[in-house]
>>> print(open('my_file_20.csv').read())   # CSV, C-alpha atoms and all ligand atoms
chain,number,residue,atom,x,y,z
H,1,MET,CA,-70.6,50.8,3.9
H,2,ARG,CA,-71.0,49.9,0.2
H,3,ILE,CA,-68.6,51.3,-2.3
H,4,ALA,CA,-69.5,51.3,-6.0
H,5,LEU,CA,-67.3,49.1,-8.1
H,6,PRO,CA,-65.7,51.9,-10.3
H,7,ALA,CA,-64.8,53.8,-7.1
H,8,LEU,CA,-63.3,50.7,-5.6
H,9,ILE,CA,-61.2,50.1,-8.7
H,10,VAL,CA,-59.9,53.7,-8.5
H,11,LEU,CA,-59.2,53.4,-4.8
H,12,VAL,CA,-57.3,50.1,-5.3
H,13,SER,CA,-55.4,51.4,-8.3
H,14,LEU,CA,-54.4,54.6,-6.6
H,15,HIS,CA,-52.6,52.5,-4.0
H,16,GLY,CA,-50.6,50.8,-6.8
H,17,SER,CA,-52.0,47.4,-6.2
H,18,ALA,CA,-51.6,44.4,-8.5
H,19,GLN,CA,-54.6,45.7,-10.5
H,20,THR,CA,-52.5,48.6,-11.9
H,21,PRO,CA,-50.1,47.3,-14.5
H,22,ALA,CA,-46.6,48.3,-14.0
H,23,LEU,CA,-45.0,50.7,-16.6
H,24,LYS,CA,-42.9,47.9,-18.1
H,25,GLU,CA,-45.9,45.7,-18.4
H,26,ALA,CA,-48.2,48.3,-19.9
H,27,PHE,CA,-45.6,49.1,-22.7
H,28,ARG,CA,-44.3,45.6,-23.2
H,29,GLY,CA,-43.8,45.0,-26.9
H,30,ASP,CA,-43.9,48.8,-27.5
H,31,PHE,CA,-40.6,49.9,-25.9
H,32,LEU,CA,-38.5,49.3,-22.9
H,33,ILE,CA,-39.2,51.5,-19.9
H,34,GLY,CA,-36.1,52.6,-18.0
H,35,ALA,CA,-35.0,54.8,-15.1
H,36,ALA,CA,-31.7,56.3,-14.0
H,37,ILE,CA,-30.6,54.9,-10.7
H,38,ASN,CA,-27.8,55.4,-8.2
H,39,THR,CA,-25.9,53.2,-5.7
H,40,ARG,CA,-28.4,53.7,-2.9
H,41,GLN,CA,-30.8,51.8,-5.1
H,42,THR,CA,-28.5,49.2,-6.6
H,43,GLU,CA,-27.3,48.3,-3.1
H,44,GLU,CA,-31.0,48.0,-2.1
H,45,LYS,CA,-30.6,50.2,1.0
H,46,ASP,CA,-34.1,51.5,0.5
H,47,THR,CA,-36.8,48.8,0.7
H,48,ALA,CA,-39.5,50.7,-1.1
H,49,ALA,CA,-37.2,51.5,-4.0
H,50,ALA,CA,-35.9,47.9,-4.0
H,51,ARG,CA,-39.5,46.7,-4.5
H,52,LEU,CA,-40.5,49.3,-7.0
H,53,ILE,CA,-37.6,49.2,-9.5
H,54,PRO,CA,-37.8,45.6,-10.7
H,55,ARG,CA,-41.6,45.7,-10.8
H,56,GLN,CA,-41.8,48.9,-12.9
H,57,PHE,CA,-38.7,49.0,-15.1
H,58,ASP,CA,-37.0,46.7,-17.6
H,59,ALA,CA,-34.0,49.0,-18.3
H,60,LEU,CA,-31.8,51.1,-16.1
H,61,THR,CA,-29.1,53.7,-16.6
H,62,PRO,CA,-26.5,54.5,-13.9
H,63,GLU,CA,-27.1,58.2,-13.1
H,64,ASN,CA,-23.4,58.8,-12.2
H,65,ILE,CA,-21.2,55.9,-11.4
H,66,MET,CA,-20.0,55.1,-14.9
H,67,LYS,CA,-18.9,58.6,-15.6
H,68,ALA,CA,-15.2,59.2,-16.2
H,69,GLU,CA,-14.7,61.2,-13.0
H,70,ILE,CA,-15.9,58.2,-10.9
H,71,MET,CA,-14.8,55.3,-13.0
H,72,HIS,CA,-11.4,56.5,-14.0
H,73,PRO,CA,-10.1,58.7,-11.2
H,74,ALA,CA,-6.3,58.5,-12.1
H,75,TRP,CA,-4.3,57.8,-15.2
H,76,ASP,CA,-3.8,54.1,-14.3
H,77,ARG,CA,-6.6,53.5,-11.8
H,78,TYR,CA,-10.1,52.4,-12.5
H,79,ASN,CA,-12.9,52.2,-10.0
H,80,PHE,CA,-15.0,49.3,-11.3
H,81,ASP,CA,-16.7,48.2,-8.0
H,82,PRO,CA,-19.9,50.3,-8.1
H,83,ALA,CA,-20.5,49.5,-11.8
H,84,ASP,CA,-19.9,45.8,-11.2
H,85,LYS,CA,-22.5,45.9,-8.4
H,86,LEU,CA,-24.9,47.6,-10.7
H,87,VAL,CA,-24.4,45.0,-13.4
H,88,ALA,CA,-25.0,42.2,-10.9
H,89,TYR,CA,-28.1,43.9,-9.6
H,90,ALA,CA,-29.5,44.3,-13.1
H,91,GLN,CA,-28.7,40.6,-13.9
H,92,ARG,CA,-30.4,39.4,-10.7
H,93,ASN,CA,-33.5,41.4,-11.7
H,94,HIS,CA,-33.5,40.8,-15.4
H,95,ILE,CA,-33.1,44.5,-16.3
H,96,LYS,CA,-31.1,45.8,-19.3
H,97,VAL,CA,-28.3,48.2,-18.5
H,98,ASN,CA,-27.6,51.3,-20.7
H,99,ALA,CA,-24.1,52.3,-19.6
H,100,HIS,CA,-23.6,56.1,-19.3
H,101,ASN,CA,-21.2,57.3,-20.7
H,102,LEU,CA,-17.8,56.9,-22.3
H,103,ILE,CA,-17.0,60.3,-23.8
H,104,TRP,CA,-18.4,63.5,-22.3
H,105,HIS,CA,-17.0,67.0,-21.8
H,106,SER,CA,-18.3,67.2,-18.2
H,107,GLN,CA,-17.4,65.4,-15.0
H,108,LEU,CA,-13.9,64.6,-16.2
H,109,PRO,CA,-11.2,63.4,-13.9
H,110,THR,CA,-8.8,66.1,-12.6
H,111,PHE,CA,-5.8,64.5,-14.3
H,112,LEU,CA,-7.4,64.8,-17.7
H,113,ARG,CA,-8.7,68.3,-17.1
H,114,ARG,CA,-5.1,69.4,-16.5
H,115,MET,CA,-3.7,67.7,-19.5
H,116,GLN,CA,-2.2,70.0,-22.2
H,117,ASP,CA,-0.5,67.7,-24.6
H,118,ALA,CA,-2.6,66.2,-27.4
H,119,ASP,CA,-0.8,62.8,-27.4
H,120,SER,CA,-1.6,62.3,-23.7
H,121,VAL,CA,-5.3,63.1,-24.3
H,122,ARG,CA,-5.3,60.7,-27.2
H,123,ALA,CA,-3.7,58.0,-25.0
H,124,TYR,CA,-6.4,58.6,-22.3
H,125,PHE,CA,-9.2,58.5,-25.0
H,126,VAL,CA,-8.0,55.1,-26.4
H,127,ASN,CA,-7.3,53.5,-23.0
H,128,HIS,CA,-10.5,54.8,-21.4
H,129,ILE,CA,-12.8,53.6,-24.1
H,130,THR,CA,-11.0,50.3,-24.7
H,131,THR,CA,-10.6,49.3,-21.0
H,132,ILE,CA,-14.2,50.1,-19.9
H,133,ALA,CA,-16.1,49.1,-23.0
H,134,SER,CA,-14.4,45.7,-23.2
H,135,ARG,CA,-14.8,45.0,-19.5
H,136,TYR,CA,-18.6,45.4,-19.8
H,137,ASP,CA,-19.1,43.9,-23.2
H,138,GLY,CA,-21.8,41.3,-22.9
H,139,GLN,CA,-22.6,42.6,-19.4
H,140,VAL,CA,-24.4,45.8,-20.4
H,141,TYR,CA,-26.9,46.0,-23.2
H,142,SER,CA,-25.7,49.4,-24.6
H,143,TRP,CA,-23.4,52.4,-24.2
H,144,ASP,CA,-23.9,56.1,-24.6
H,145,VAL,CA,-20.6,56.3,-26.4
H,146,VAL,CA,-20.6,60.0,-26.8
H,147,ASN,CA,-22.7,62.4,-24.8
H,148,GLU,CA,-23.6,66.0,-25.5
H,149,ALA,CA,-21.0,66.8,-28.2
H,150,LEU,CA,-23.1,69.5,-29.8
H,151,ASN,CA,-23.8,73.2,-29.3
H,152,GLU,CA,-27.4,74.5,-29.7
H,153,ASP,CA,-26.6,75.7,-33.3
H,154,GLY,CA,-25.6,72.2,-34.3
H,155,THR,CA,-21.8,72.8,-34.4
H,156,LEU,CA,-19.4,70.8,-32.3
H,157,ARG,CA,-18.9,71.8,-28.7
H,158,ASN,CA,-15.5,73.1,-28.0
H,159,SER,CA,-14.6,70.3,-25.5
H,160,ILE,CA,-11.1,69.1,-24.6
H,161,PHE,CA,-11.7,66.3,-27.1
H,162,LEU,CA,-12.5,68.6,-30.0
H,163,LYS,CA,-9.6,70.9,-29.1
H,164,LYS,CA,-6.9,68.2,-28.7
H,165,LEU,CA,-8.2,65.5,-31.1
H,166,GLY,CA,-10.0,67.4,-33.8
H,167,PRO,CA,-13.5,66.9,-35.3
H,168,ASP,CA,-13.1,63.2,-36.1
H,169,TYR,CA,-12.9,62.3,-32.4
H,170,ILE,CA,-16.6,61.2,-32.4
H,171,VAL,CA,-16.1,58.8,-35.3
H,172,GLU,CA,-13.0,57.5,-33.5
H,173,ALA,CA,-14.9,57.0,-30.2
H,174,PHE,CA,-17.4,54.8,-32.0
H,175,ARG,CA,-14.7,52.9,-33.9
H,176,LEU,CA,-12.9,52.1,-30.6
H,177,ALA,CA,-16.2,51.2,-28.8
H,178,GLN,CA,-17.2,48.9,-31.7
H,179,LYS,CA,-13.9,47.1,-31.5
H,180,ALA,CA,-13.9,46.8,-27.7
H,181,ALA,CA,-17.6,46.0,-27.4
H,182,PRO,CA,-18.8,44.0,-30.4
H,183,HIS,CA,-21.8,42.7,-28.5
H,184,THR,CA,-23.0,46.0,-27.1
H,185,ARG,CA,-25.3,48.5,-28.8
H,186,LEU,CA,-23.7,51.9,-29.3
H,187,TYR,CA,-25.5,55.2,-29.0
H,188,TYR,CA,-25.1,59.0,-29.3
H,189,ASN,CA,-27.0,60.9,-26.6
H,190,ASP,CA,-27.8,64.6,-26.2
H,191,TYR,CA,-30.3,67.1,-25.0
H,192,ASN,CA,-32.3,69.5,-27.2
H,193,ILE,CA,-31.6,67.5,-30.3
H,194,GLU,CA,-35.3,67.5,-31.1
H,195,GLN,CA,-34.8,71.3,-31.9
H,196,PRO,CA,-34.2,71.9,-35.6
H,197,LYS,CA,-30.6,73.3,-35.6
H,198,LYS,CA,-29.2,70.9,-33.1
H,199,ARG,CA,-31.1,68.0,-34.7
H,200,ALA,CA,-29.5,68.8,-38.0
H,201,GLY,CA,-26.1,68.7,-36.3
H,202,ALA,CA,-26.9,65.3,-34.8
H,203,ILE,CA,-28.1,64.0,-38.2
H,204,ALA,CA,-24.8,65.2,-39.8
H,205,LEU,CA,-22.9,63.5,-37.0
H,206,ILE,CA,-24.7,60.1,-37.4
H,207,LYS,CA,-24.3,60.3,-41.2
H,208,LYS,CA,-20.5,60.9,-40.7
H,209,ILE,CA,-20.1,57.9,-38.5
H,210,GLN,CA,-22.1,55.7,-40.9
H,211,ALA,CA,-20.1,57.0,-43.9
H,212,ALA,CA,-16.9,56.0,-42.2
H,213,GLY,CA,-18.2,52.5,-42.0
H,214,VAL,CA,-18.4,52.6,-38.2
H,215,ARG,CA,-21.4,51.2,-36.3
H,216,ILE,CA,-23.8,53.5,-34.5
H,217,ASP,CA,-27.0,51.7,-33.4
H,218,GLY,CA,-29.1,54.5,-32.0
H,219,VAL,CA,-29.7,58.1,-30.8
H,220,GLY,CA,-30.9,59.2,-27.4
H,221,ILE,CA,-33.0,62.3,-27.2
H,222,GLN,CA,-32.6,63.2,-23.5
H,223,GLY,CA,-36.0,64.8,-22.9
H,224,HIS,CA,-35.5,67.3,-20.1
H,225,TRP,CA,-38.6,69.4,-20.9
H,226,LYS,CA,-41.1,71.6,-19.1
H,227,SER,CA,-44.6,70.5,-17.9
H,228,GLY,CA,-47.1,72.3,-20.0
H,229,ASN,CA,-44.5,73.1,-22.7
H,230,VAL,CA,-43.4,69.9,-24.3
H,231,PRO,CA,-42.1,70.5,-27.9
H,232,LEU,CA,-44.3,67.8,-29.4
H,233,ALA,CA,-44.0,68.8,-33.1
H,234,ALA,CA,-40.2,69.0,-32.9
H,235,ILE,CA,-40.1,65.6,-31.1
H,236,GLU,CA,-42.3,64.0,-33.8
H,237,ALA,CA,-40.1,65.4,-36.6
H,238,SER,CA,-37.0,64.1,-34.8
H,239,ILE,CA,-38.5,60.6,-34.4
H,240,LEU,CA,-39.1,60.5,-38.1
H,241,GLU,CA,-35.8,62.0,-39.2
H,242,PHE,CA,-33.6,60.0,-36.9
H,243,SER,CA,-35.3,56.7,-37.6
H,244,ALA,CA,-35.0,57.4,-41.4
H,245,LEU,CA,-31.2,57.0,-40.8
H,246,GLY,CA,-31.8,53.4,-39.8
H,247,VAL,CA,-31.0,53.9,-36.1
H,248,GLU,CA,-33.0,53.2,-32.9
H,249,VAL,CA,-34.6,56.3,-31.4
H,250,MET,CA,-34.8,56.5,-27.6
H,251,PHE,CA,-35.9,59.0,-25.0
H,252,THR,CA,-33.1,58.6,-22.5
H,253,GLU,CA,-33.4,61.1,-19.6
H,254,LEU,CA,-37.1,62.0,-19.5
H,255,ASP,CA,-38.4,64.4,-16.8
H,256,LEU,CA,-40.7,67.4,-16.9
H,257,SER,CA,-39.9,70.3,-14.6
H,258,VAL,CA,-42.9,72.0,-13.0
H,259,LEU,CA,-40.9,74.9,-11.6
H,260,PRO,CA,-40.3,78.4,-13.1
H,261,ASN,CA,-37.4,78.6,-15.5
H,262,PRO,CA,-35.0,81.4,-14.6
H,263,TRP,CA,-34.0,81.7,-18.3
H,264,ASP,CA,-35.7,82.1,-21.6
H,265,HIS,CA,-33.9,79.0,-23.0
H,266,ASN,CA,-34.0,75.3,-22.1
H,267,THR,CA,-30.8,73.5,-21.3
H,268,ALA,CA,-29.5,70.4,-19.4
H,269,ASP,CA,-26.0,71.8,-19.3
H,270,VAL,CA,-24.9,71.0,-15.8
H,271,GLY,CA,-22.2,73.7,-16.1
H,272,GLN,CA,-24.9,76.4,-16.0
H,273,VAL,CA,-26.3,77.7,-12.7
H,274,ALA,CA,-28.8,80.5,-11.9
H,275,ALA,CA,-29.3,82.5,-8.6
H,276,ASN,CA,-32.3,81.9,-6.5
H,277,ARG,CA,-34.9,84.7,-6.2
H,278,ALA,CA,-38.4,85.2,-4.9
H,279,GLY,CA,-41.0,83.1,-6.6
H,280,MET,CA,-38.6,80.5,-8.0
H,281,ASN,CA,-39.5,77.8,-5.5
H,282,PRO,CA,-43.3,77.9,-5.2
H,283,TYR,CA,-44.3,74.4,-4.2
H,284,THR,CA,-42.3,73.6,-1.1
H,285,ASN,CA,-45.5,72.3,0.6
H,286,GLY,CA,-46.7,70.1,-2.2
H,287,LEU,CA,-47.9,70.4,-5.8
H,288,PRO,CA,-51.3,72.0,-6.3
H,289,ASP,CA,-53.9,70.0,-8.2
H,290,SER,CA,-53.7,72.3,-11.2
H,291,ALA,CA,-50.0,71.7,-11.6
H,292,GLN,CA,-50.4,67.9,-10.9
H,293,ASP,CA,-53.0,67.8,-13.7
H,294,LEU,CA,-50.8,69.7,-16.1
H,295,LEU,CA,-48.0,67.3,-15.5
H,296,ALA,CA,-50.3,64.4,-16.0
H,297,SER,CA,-51.6,65.7,-19.3
H,298,SER,CA,-48.1,66.7,-20.5
H,299,TYR,CA,-46.9,63.1,-19.9
H,300,ALA,CA,-50.1,61.7,-21.6
H,301,ASP,CA,-49.5,63.9,-24.7
H,302,LEU,CA,-45.9,62.6,-24.9
H,303,PHE,CA,-46.8,58.9,-24.4
H,304,ARG,CA,-49.6,59.2,-27.0
H,305,LEU,CA,-47.0,60.5,-29.4
H,306,PHE,CA,-44.5,57.8,-28.5
H,307,LEU,CA,-47.1,55.1,-29.0
H,308,ARG,CA,-48.0,56.5,-32.5
H,309,HIS,CA,-44.3,55.8,-33.4
H,310,LYS,CA,-43.7,52.8,-31.3
H,311,GLY,CA,-42.1,50.9,-34.1
H,312,LYS,CA,-39.3,53.5,-34.3
H,313,ILE,CA,-38.7,53.9,-30.5
H,314,SER,CA,-36.9,51.3,-28.5
H,315,ARG,CA,-36.7,52.8,-25.0
H,316,ILE,CA,-38.1,55.5,-22.8
H,317,THR,CA,-36.0,56.1,-19.7
H,318,PHE,CA,-37.0,58.5,-16.8
H,319,TRP,CA,-34.1,60.4,-15.3
H,320,GLY,CA,-34.7,59.1,-11.8
H,321,ILE,CA,-37.2,57.0,-9.9
H,322,ASP,CA,-39.0,59.4,-7.6
H,323,ASP,CA,-39.3,63.2,-7.3
H,324,GLY,CA,-37.0,63.3,-4.2
H,325,MET,CA,-33.9,62.0,-6.1
H,326,SER,CA,-34.3,64.2,-9.2
H,327,TRP,CA,-31.4,66.4,-10.3
H,328,LEU,CA,-34.0,69.0,-11.0
H,329,ASN,CA,-34.3,69.8,-7.3
H,330,ASP,CA,-30.8,71.4,-7.7
H,331,PHE,CA,-30.7,72.5,-11.3
H,332,PRO,CA,-30.5,75.2,-12.5
H,333,ILE,CA,-31.1,76.7,-9.0
H,334,ARG,CA,-30.0,74.7,-6.0
H,335,GLY,CA,-32.3,73.5,-3.2
H,336,ARG,CA,-35.7,73.7,-4.8
H,337,THR,CA,-38.6,71.3,-4.6
H,338,ASN,CA,-39.5,69.9,-8.0
H,339,TYR,CA,-42.0,67.2,-9.0
H,340,PRO,CA,-40.9,66.0,-12.5
H,341,LEU,CA,-41.3,62.2,-12.3
H,342,PRO,CA,-44.2,59.7,-12.2
H,343,PHE,CA,-43.5,58.7,-8.6
H,344,ASP,CA,-43.6,61.0,-5.6
H,345,ARG,CA,-41.1,61.3,-2.7
H,346,ASN,CA,-42.7,58.3,-1.0
H,347,TYR,CA,-42.4,56.2,-4.2
H,348,GLN,CA,-46.2,56.4,-4.7
H,349,PRO,CA,-47.5,56.7,-8.2
H,350,LYS,CA,-48.8,60.2,-9.1
H,351,LYS,CA,-51.6,61.3,-11.4
H,352,ALA,CA,-48.9,61.4,-14.1
H,353,TYR,CA,-48.2,57.7,-13.7
H,354,PHE,CA,-51.9,56.8,-14.2
H,355,ALA,CA,-52.2,59.2,-17.1
H,356,ILE,CA,-49.2,57.5,-18.8
H,357,ILE,CA,-50.6,54.0,-18.2
H,358,ALA,CA,-54.0,55.2,-19.5
H,359,THR,CA,-52.6,56.1,-22.9
H,360,LYS,CA,-52.5,52.4,-23.6
H,361,ASN,CA,-56.3,52.1,-23.3
H,362,PRO,CA,-57.7,55.4,-24.5
C,1,LIG,O1,-28.4,63.6,-12.8
C,1,LIG,C1,-27.0,63.7,-12.8
C,1,LIG,C2,-26.5,64.5,-11.6
C,1,LIG,O2,-26.8,63.7,-10.4
C,1,LIG,C3,-25.1,64.8,-11.7
C,1,LIG,O3,-24.7,65.7,-10.6
C,1,LIG,C4,-24.8,65.5,-13.0
C,1,LIG,C5,-23.3,65.7,-13.2
C,1,LIG,O4,-22.6,64.5,-13.4
C,1,LIG,O5,-25.3,64.8,-14.1
C,1,LIG,C6,-26.6,64.5,-14.1
C,1,LIG,O6,-27.0,63.7,-15.2
C,1,LIG,C7,-26.8,64.4,-16.5
C,1,LIG,C8,-26.5,63.3,-17.5
C,1,LIG,O7,-25.4,62.6,-17.1
C,1,LIG,C9,-26.3,63.9,-18.9
C,1,LIG,N1,-27.4,64.7,-19.3
C,1,LIG,C10,-27.8,65.7,-18.3
C,1,LIG,C11,-28.1,65.0,-17.0
C,1,LIG,C12,-28.7,66.0,-16.0
C,1,LIG,O8,-27.7,67.0,-15.8
>>> encode(input="my_file_20.csv", output="structure tokens", more="lines below")
Ligand code: 9MR
Amino acid sequence: MRIALPALIVLVSLHGSAQTPALKEAFRGDFLIGAAINTRQTEEKDTAAARLIPRQFDALTPENIMKAEIMHPAWDRYNFDPADKLVAYAQRNHIKVNAHNLIWHSQLPTFLRRMQDADSVRAYFVNHITTIASRYDGQVYSWDVVNEALNEDGTLRNSIFLKKLGPDYIVEAFRLAQKAAPHTRLYYNDYNIEQPKKRAGAIALIKKIQAAGVRIDGVGIQGHWKSGNVPLAAIEASILEFSALGVEVMFTELDLSVLPNPWDHNTADVGQVAANRAGMNPYTNGLPDSAQDLLASSYADLFRLFLRHKGKISRITFWGIDDGMSWLNDFPIRGRTNYPLPFDRNYQPKKAYFAIIATKNP
């Protein structure tokens, strides 16, 4: 049987052969391409993932192991082992690590959640940032120093840190990180900060840090959006406004949910949950072509926008490698089957993957 050359190229590329450039190669010189990974992957327990990660990505973010709950389980006890392994894995594979994260209201260790007295919270805050940031200085490329400190209206979230330390705690977090990690880039990271009110809050916060003479190197827009409904105009305005502050702009937790939203708002607040009900989990037997196409065109629209502003964007990180590991299978409703990433449950590239790569050669 003879196969025409164009068909052959498509066949070959659909199987992810050497002819298809990897994401990191396609966007080399534009921005880093990262993914959130977990211990199963850094310990290389899964051979398909072990092959795929170093080929596709030049940046990684630990999805969970550097969060306070895991890294700092008791007042005087730190659990460095998983993060040390992750750093060694990244060094072996020449991948930059964005450490995630130092100060966040969520996933806090129990001893801190129970703490009433402000002096003890302050002592935790100083010890936590100083101990962890200094240990990994020169080992990781960057830190999400403060994560998700803002409400949707741009005011400060009423976290334990705001309540006990007051509104300057964010500047103080960056000041401590700067001292402990002089060789590490320091970022603020949040979801929905492309939206005008929350964006204005993030801009005020960055300006406040800068006015205090403290270093902040970048801002991470998480990018938990919906397939077919990506807020492109707000994203573009954010790229322009954030970069005008002289900081790197990054998209740090990109994924596009294809499932119905139980609410009329968009949030990545892990504290929020919704009940399951009929019609909320429509694709348990696979994603129909129409939904697959919509996901691909949504990703293509986004990457075209990213490329238009490539000089202002330093990294695009997907929140996970493959659809099977995505947090969106359990958020905001537990136990659904979502398809938000460029690789499917067998680590095979999806239409979205090829659509992303194709934005380089329109
Ligand atoms: O994807 C993460 C999930 O596995 C965890 O259970 C959850 C709570 O720690 O956090 C998820 O990651 C969040 C990230 O750390 C901050 N932005 C929102 C992300 C999705 O919830």
>>> residues_near_point(input="my_file_20.csv", point="(-31.9, 43.5, -7.2)", cutoff="7 Å", atoms="only C-alpha atoms", output="list of chain:residue names")
H:Thr42, H:Glu44, H:Ala50, H:Tyr89, H:Ala90, H:Arg92, H:Asn93
>>> residues_near_ligand(input="my_file_20.csv", ligand="ligand LIG 1 (chain C)", cutoff="6 Å", atoms="all atoms listed in the file", output="PyMOL selection string")
chain H and resi 63-64+107+268+270+327
>>> atom_distance(input="my_file_20.csv", atom1="CA of Ile129 in chain H", atom2="CA of Ser243 in chain H")
26.4 Å
>>> atom_distance(input="my_file_20.csv", atom1="CA of Leu240 in chain H", atom2="CA of Ile313 in chain H")
10.1 Å
>>> closest_residue(input="my_file_20.csv", among="H:Ala291, H:Ile37, H:Met71, H:Ile333", to="Ala59 in chain H", atoms="only C-alpha atoms")
H:Ile37
>>> atom_distance(input="my_file_20.csv", atom1="CA of Ile103 in chain H", atom2="CA of Asn147 in chain H")
6.2 Å
>>> closest_residue(input="my_file_20.csv", among="H:Asp217, H:Asp119, H:Glu25, H:Asp330", to="Tyr141 in chain H", atoms="only C-alpha atoms")
H:Asp217
>>> closest_residue(input="my_file_20.csv", among="H:Gln41, H:Asn229, H:Thr110, H:Thr359", to="Leu86 in chain H", atoms="all atoms listed in the file")
H:Gln41
>>> closest_residue(input="my_file_20.csv", among="H:Ser142, H:Asn101, H:Asn266, H:Asn285", to="His128 in chain H", atoms="only C-alpha atoms")
H:Asn101
>>> closest_residue(input="my_file_20.csv", among="H:Phe31, H:Trp225, H:Tyr299, H:Trp143", to="Tyr187 in chain H", atoms="only C-alpha atoms")
H:Trp143
>>> residues_around(input="my_file_20.csv", residues="Leu186 in chain H", least_positions_apart="3", cutoff="10 Å", atoms="all atoms listed in the file", output="PDB file with C-alpha atoms, in the frame of the given file")
ATOM      1  CA  ASN H  98     -27.600  51.300 -20.700  1.00  0.00           C
ATOM      2  CA  ALA H  99     -24.100  52.300 -19.600  1.00  0.00           C
ATOM      3  CA  TYR H 141     -26.900  46.000 -23.200  1.00  0.00           C
ATOM      4  CA  SER H 142     -25.700  49.400 -24.600  1.00  0.00           C
ATOM      5  CA  TRP H 143     -23.400  52.400 -24.200  1.00  0.00           C
ATOM      6  CA  ASP H 144     -23.900  56.100 -24.600  1.00  0.00           C
ATOM      7  CA  VAL H 145     -20.600  56.300 -26.400  1.00  0.00           C
ATOM      8  CA  VAL H 146     -20.600  60.000 -26.800  1.00  0.00           C
ATOM      9  CA  PHE H 174     -17.400  54.800 -32.000  1.00  0.00           C
ATOM     10  CA  ALA H 177     -16.200  51.200 -28.800  1.00  0.00           C
ATOM     11  CA  GLN H 178     -17.200  48.900 -31.700  1.00  0.00           C
ATOM     12  CA  ALA H 181     -17.600  46.000 -27.400  1.00  0.00           C
ATOM     13  CA  PRO H 182     -18.800  44.000 -30.400  1.00  0.00           C
ATOM     14  CA  HIS H 183     -21.800  42.700 -28.500  1.00  0.00           C
ATOM     15  CA  ASN H 189     -27.000  60.900 -26.600  1.00  0.00           C
ATOM     16  CA  ARG H 215     -21.400  51.200 -36.300  1.00  0.00           C
ATOM     17  CA  ILE H 216     -23.800  53.500 -34.500  1.00  0.00           C
ATOM     18  CA  ASP H 217     -27.000  51.700 -33.400  1.00  0.00           C
ATOM     19  CA  GLY H 218     -29.100  54.500 -32.000  1.00  0.00           C
ATOM     20  CA  VAL H 219     -29.700  58.100 -30.800  1.00  0.00           C
TER      21      VAL H 219
END
>>> residues_around(input="my_file_20.csv", residues="Ile357 in chain H", least_positions_apart="6", cutoff="10 Å", atoms="only C-alpha atoms", output="PyMOL selection string")
chain H and resi 20-27+299-300+303
>>> closest_residue(input="my_file_20.csv", among="H:Ile33, H:Leu295, H:Ile235, H:Leu165", to="Ser257 in chain H", atoms="all atoms listed in the file")
H:Leu295
>>> decode(input="my_file_20.csv", residues="range 319-337 of chain H", atoms="C-alpha atoms", output="mmCIF file, in the first residue's frame")
data_model
loop_
_atom_site.group_PDB
_atom_site.id
_atom_site.type_symbol
_atom_site.label_atom_id
_atom_site.label_comp_id
_atom_site.auth_asym_id
_atom_site.auth_seq_id
_atom_site.Cartn_x
_atom_site.Cartn_y
_atom_site.Cartn_z
ATOM 1 C CA TRP H 319 -0.642 22.124 36.022
ATOM 2 C CA GLY H 320 0.162 18.457 35.505
ATOM 3 C CA ILE H 321 1.570 16.227 32.791
ATOM 4 C CA ASP H 322 -1.387 14.135 31.673
ATOM 5 C CA ASP H 323 -5.166 14.263 32.076
ATOM 6 C CA GLY H 324 -5.151 11.386 34.565
ATOM 7 C CA MET H 325 -3.141 13.260 37.202
ATOM 8 C CA SER H 326 -5.012 16.565 36.954
ATOM 9 C CA TRP H 327 -6.499 18.048 40.139
ATOM 10 C CA LEU H 328 -9.511 18.948 37.947
ATOM 11 C CA ASN H 329 -10.708 15.329 38.128
ATOM 12 C CA ASP H 330 -11.570 16.135 41.760
ATOM 13 C CA PHE H 331 -12.316 19.849 41.755
ATOM 14 C CA PRO H 332 -14.769 21.365 42.373
ATOM 15 C CA ILE H 333 -16.651 18.045 42.259
ATOM 16 C CA ARG H 334 -14.877 14.847 43.290
ATOM 17 C CA GLY H 335 -14.434 11.854 41.001
ATOM 18 C CA ARG H 336 -15.103 13.298 37.550
ATOM 19 C CA THR H 337 -13.233 12.575 34.301
#
